[in-house]
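First comes the structure, then the notes that go with it.
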Amino acid sequence: MLLNLTKAGRQILKTMSLLLLIIVMLAALGLAHNVYKQVAAFKQVSTSIEQQRQKYFQAVDLLAHAKWSEANQILAEIKDYSDAKVLTAYAKTRIFLQQQNFSAALQELKQIPQNYQGQFQAQIARLRRILP
């Protein structure tokens with residue numbers, strides 16, 4: 001079929017093929033750019049999650065060593081990570097107890113679900129028995 005085309009027809013066909021190739025290449029570059037942007041966004045989210053995880057374990061360690069205020073400050077930065085809200089309430093309960101502000105301590109303790117099964121469940125259960 002190509003042999004039956006005139007020289008001008010063959011030139012037009014070559015030009016159209018070249019344009020089609022350029023369009024395909026541009027589309028591929030656009031897709032590659034989008035993939036690159038998605039990978040970069042994923043890396044950023046992944047890094048953020050890892051930073052939150054490290055802060056969470058740092059706060060847990062501080063709680064285990066009765067450093068309530070320091071733990072509370074870190075937990076405030078990661079309030080949506082894991083059970084950070086519960087641990088924040090626990091830290092605040094302990095802070096208020098140190099200040100002998102028993103009503104505020106009880107209010108914070110009430111923020112912790114009764115069925116909490118985390119790392120500090122025994123300590124929290126003990127506080128529930130102590131505070132009226």
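Identifiers for the structure tokens are assigned positionally: chains receive A, B, ... in sequence, residues are indexed from 1 per chain, and ligands are indexed from 1 in the order shown.
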Excluding region 39-51 of chain A and its own-chain neighbours fewer than 4 positions away, which residues fall within 12 Å of it when counting only C-alpha atoms? Please give them as a tab-separated table (two decimals) with C-alpha atoms, in the first residue's frame.
chain	number	residue	atom	x	y	z
A	32	ALA	CA	6.39	9.64	34.34
A	33	HIS	CA	6.19	13.11	35.91
A	34	ASN	CA	2.94	12.21	37.65
A	35	VAL	CA	4.44	8.96	38.92
A	55	LYS	CA	7.98	10.35	68.79
A	56	TYR	CA	5.29	7.95	69.99
A	57	PHE	CA	7.85	5.49	71.36
A	58	GLN	CA	9.81	8.34	72.90
A	74	ILE	CA	5.49	15.06	72.57
A	77	GLU	CA	2.59	16.80	68.45
A	78	ILE	CA	1.26	13.39	67.38
A	80	ASP	CA	-3.74	11.46	65.86
A	81	TYR	CA	-1.14	8.69	65.99
A	82	SER	CA	-2.18	5.32	67.46
Just the residues within 12 Å of region 60-72 of chain A, please, counting only C-alpha atoms, with nothing from its chain fewer than 2 positions along; format it as a PDB file with N, CA and C atoms, in the first residue's frame.
ATOM      1  N   ARG A  53       6.030   7.790  64.594  1.00  0.00           N
ATOM      2  CA  ARG A  53       6.276   6.532  65.297  1.00  0.00           C
ATOM      3  C   ARG A  53       7.415   6.701  66.293  1.00  0.00           C
ATOM      4  N   GLN A  54       8.490   7.352  65.879  1.00  0.00           N
ATOM      5  CA  GLN A  54       9.625   7.568  66.777  1.00  0.00           C
ATOM      6  C   GLN A  54       9.217   8.436  67.964  1.00  0.00           C
ATOM      7  N   LYS A  55       8.442   9.490  67.708  1.00  0.00           N
ATOM      8  CA  LYS A  55       7.978  10.354  68.791  1.00  0.00           C
ATOM      9  C   LYS A  55       7.058   9.588  69.734  1.00  0.00           C
ATOM     10  N   TYR A  56       6.208   8.739  69.172  1.00  0.00           N
ATOM     11  CA  TYR A  56       5.294   7.950  69.985  1.00  0.00           C
ATOM     12  C   TYR A  56       6.073   7.079  70.977  1.00  0.00           C
ATOM     13  N   PHE A  57       7.074   6.358  70.482  1.00  0.00           N
ATOM     14  CA  PHE A  57       7.852   5.486  71.363  1.00  0.00           C
ATOM     15  C   PHE A  57       8.692   6.288  72.357  1.00  0.00           C
ATOM     16  N   GLN A  58       9.108   7.463  71.962  1.00  0.00           N
ATOM     17  CA  GLN A  58       9.807   8.345  72.900  1.00  0.00           C
ATOM     18  C   GLN A  58       8.856   8.762  74.025  1.00  0.00           C
ATOM     19  N   ILE A  74       5.263  15.841  73.791  1.00  0.00           N
ATOM     20  CA  ILE A  74       5.490  15.056  72.570  1.00  0.00           C
ATOM     21  C   ILE A  74       4.168  14.515  72.036  1.00  0.00           C
ATOM     22  N   LEU A  75       3.328  14.021  72.932  1.00  0.00           N
ATOM     23  CA  LEU A  75       2.035  13.470  72.500  1.00  0.00           C
ATOM     24  C   LEU A  75       1.163  14.531  71.842  1.00  0.00           C
ATOM     25  N   ALA A  76       1.299  15.769  72.268  1.00  0.00           N
ATOM     26  CA  ALA A  76       0.528  16.856  71.653  1.00  0.00           C
ATOM     27  C   ALA A  76       0.901  17.042  70.180  1.00  0.00           C
ATOM     28  N   GLU A  77       2.129  16.683  69.835  1.00  0.00           N
ATOM     29  CA  GLU A  77       2.594  16.805  68.448  1.00  0.00           C
ATOM     30  C   GLU A  77       2.058  15.687  67.553  1.00  0.00           C
ATOM     31  N   ILE A  78       1.666  14.571  68.165  1.00  0.00           N
ATOM     32  CA  ILE A  78       1.256  13.391  67.378  1.00  0.00           C
ATOM     33  C   ILE A  78      -0.120  12.911  67.818  1.00  0.00           C
ATOM     34  N   LYS A  79      -1.000  13.836  68.121  1.00  0.00           N
ATOM     35  CA  LYS A  79      -2.282  13.503  68.750  1.00  0.00           C
ATOM     36  C   LYS A  79      -3.130  12.510  67.964  1.00  0.00           C
ATOM     37  N   SER A  82      -1.888   6.466  66.604  1.00  0.00           N
ATOM     38  CA  SER A  82      -2.177   5.319  67.462  1.00  0.00           C
ATOM     39  C   SER A  82      -3.096   5.726  68.619  1.00  0.00           C
ATOM     40  N   ASP A  83      -2.694   5.411  69.843  1.00  0.00           N
ATOM     41  CA  ASP A  83      -3.526   5.743  71.005  1.00  0.00           C
ATOM     42  C   ASP A  83      -2.975   6.971  71.744  1.00  0.00           C
ATOM     43  N   ALA A  84      -2.394   7.901  70.996  1.00  0.00           N
ATOM     44  CA  ALA A  84      -1.784   9.093  71.591  1.00  0.00           C
ATOM     45  C   ALA A  84      -2.789   9.919  72.394  1.00  0.00           C
ATOM     46  N   LYS A  85      -4.049   9.954  71.958  1.00  0.00           N
ATOM     47  CA  LYS A  85      -5.056  10.710  72.719  1.00  0.00           C
ATOM     48  C   LYS A  85      -5.266  10.104  74.104  1.00  0.00           C
ATOM     49  N   VAL A  86      -5.291   8.802  74.175  1.00  0.00           N
ATOM     50  CA  VAL A  86      -5.441   8.110  75.462  1.00  0.00           C
ATOM     51  C   VAL A  86      -4.210   8.376  76.330  1.00  0.00           C
ATOM     52  N   LEU A  87      -3.037   8.268  75.739  1.00  0.00           N
ATOM     53  CA  LEU A  87      -1.818   8.493  76.503  1.00  0.00           C
ATOM     54  C   LEU A  87      -1.699   9.946  76.956  1.00  0.00           C
ATOM     55  N   THR A  88      -2.214  10.855  76.146  1.00  0.00           N
ATOM     56  CA  THR A  88      -2.243  12.265  76.546  1.00  0.00           C
ATOM     57  C   THR A  88      -3.128  12.439  77.773  1.00  0.00           C
ATOM     58  N   ALA A  89      -4.290  11.831  77.759  1.00  0.00           N
ATOM     59  CA  ALA A  89      -5.193  11.914  78.911  1.00  0.00           C
ATOM     60  C   ALA A  89      -4.539  11.298  80.142  1.00  0.00           C
ATOM     61  N   TYR A  90      -3.828  10.201  79.961  1.00  0.00           N
ATOM     62  CA  TYR A  90      -3.121   9.557  81.075  1.00  0.00           C
ATOM     63  C   TYR A  90      -2.039  10.489  81.628  1.00  0.00           C
ATOM     64  N   ALA A  91      -1.235  11.081  80.725  1.00  0.00           N
ATOM     65  CA  ALA A  91      -0.175  11.999  81.158  1.00  0.00           C
ATOM     66  C   ALA A  91      -0.775  13.199  81.890  1.00  0.00           C
ATOM     67  N   LYS A  92      -1.849  13.748  81.348  1.00  0.00           N
ATOM     68  CA  LYS A  92      -2.488  14.903  81.996  1.00  0.00           C
ATOM     69  C   LYS A  92      -3.070  14.514  83.356  1.00  0.00           C
ATOM     70  N   THR A  93      -3.632  13.320  83.456  1.00  0.00           N
ATOM     71  CA  THR A  93      -4.135  12.841  84.742  1.00  0.00           C
ATOM     72  C   THR A  93      -3.004  12.846  85.763  1.00  0.00           C
ATOM     73  N   ARG A  94      -1.862  12.314  85.369  1.00  0.00           N
ATOM     74  CA  ARG A  94      -0.711  12.254  86.273  1.00  0.00           C
ATOM     75  C   ARG A  94      -0.200  13.654  86.629  1.00  0.00           C
ATOM     76  N   ILE A  95      -0.190  14.554  85.667  1.00  0.00           N
ATOM     77  CA  ILE A  95       0.248  15.932  85.923  1.00  0.00           C
ATOM     78  C   ILE A  95      -0.679  16.582  86.940  1.00  0.00           C
ATOM     79  N   PHE A  96      -1.985  16.435  86.739  1.00  0.00           N
ATOM     80  CA  PHE A  96      -2.943  17.032  87.670  1.00  0.00           C
ATOM     81  C   PHE A  96      -2.847  16.405  89.060  1.00  0.00           C
ATOM     82  N   LEU A  97      -2.558  15.119  89.113  1.00  0.00           N
ATOM     83  CA  LEU A  97      -2.378  14.468  90.415  1.00  0.00           C
ATOM     84  C   LEU A  97      -1.161  15.046  91.142  1.00  0.00           C
ATOM     85  N   GLN A  98      -0.076  15.283  90.406  1.00  0.00           N
ATOM     86  CA  GLN A  98       1.106  15.893  91.016  1.00  0.00           C
ATOM     87  C   GLN A  98       0.785  17.278  91.572  1.00  0.00           C
ATOM     88  N   GLN A  99      -0.105  17.970  90.876  1.00  0.00           N
ATOM     89  CA  GLN A  99      -0.505  19.320  91.306  1.00  0.00           C
ATOM     90  C   GLN A  99      -1.610  19.274  92.358  1.00  0.00           C
ATOM     91  N   GLY A 118      -4.278  -0.824  76.217  1.00  0.00           N
ATOM     92  CA  GLY A 118      -2.911  -0.483  75.824  1.00  0.00           C
ATOM     93  C   GLY A 118      -1.873  -0.773  76.886  1.00  0.00           C
ATOM     94  N   GLN A 119      -0.695  -0.281  76.635  1.00  0.00           N
ATOM     95  CA  GLN A 119       0.475  -0.554  77.454  1.00  0.00           C
ATOM     96  C   GLN A 119       0.311  -0.107  78.916  1.00  0.00           C
ATOM     97  N   PHE A 120      -0.474   0.929  79.147  1.00  0.00           N
ATOM     98  CA  PHE A 120      -0.618   1.470  80.497  1.00  0.00           C
ATOM     99  C   PHE A 120      -1.967   1.134  81.120  1.00  0.00           C
ATOM    100  N   GLN A 123      -1.891   0.627  84.993  1.00  0.00           N
ATOM    101  CA  GLN A 123      -1.737   1.882  85.728  1.00  0.00           C
ATOM    102  C   GLN A 123      -3.030   2.690  85.697  1.00  0.00           C
TER     103      GLN A 123
END
For CA of Lys110 (chain A) and CA of Arg126 (chain A), the interatomic separation in Å (one decimal): 13.4 Å
Shell of 10 Å around Pro132 (chain A), only C-alpha atoms, local chain residues under 5 positions omitted, as an MDAnalysis selection string: chainID A and resid 102:103 106 127
Could the residues in this selection be saved with C-alpha atoms as an mmCIF file, in the first residue's frame?
data_model
loop_
_atom_site.group_PDB
_atom_site.id
_atom_site.type_symbol
_atom_site.label_atom_id
_atom_site.label_comp_id
_atom_site.auth_asym_id
_atom_site.auth_seq_id
_atom_site.Cartn_x
_atom_site.Cartn_y
_atom_site.Cartn_z
ATOM 1 C CA PHE A 102 -7.984 15.904 91.802
ATOM 2 C CA SER A 103 -11.082 17.125 89.971
ATOM 3 C CA LEU A 106 -10.612 12.784 87.313
ATOM 4 C CA LEU A 127 -5.985 5.235 88.985
#
CA of Leu29 (chain A) to CA of Arg10 (chain A), distance in Å rounded to a single decimal: 28.4 Å
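If you look at CA of Ala125 (chain A) and CA of Gln111 (chain A), they are 13.2 Å away from each other.
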Backbone DSSP call of alpha helix (DSSP H) for region 7-130 of chain A, listed as a PyMOL selection string: chain A and resi 7-64+68-77+84-98+102-109+121-130
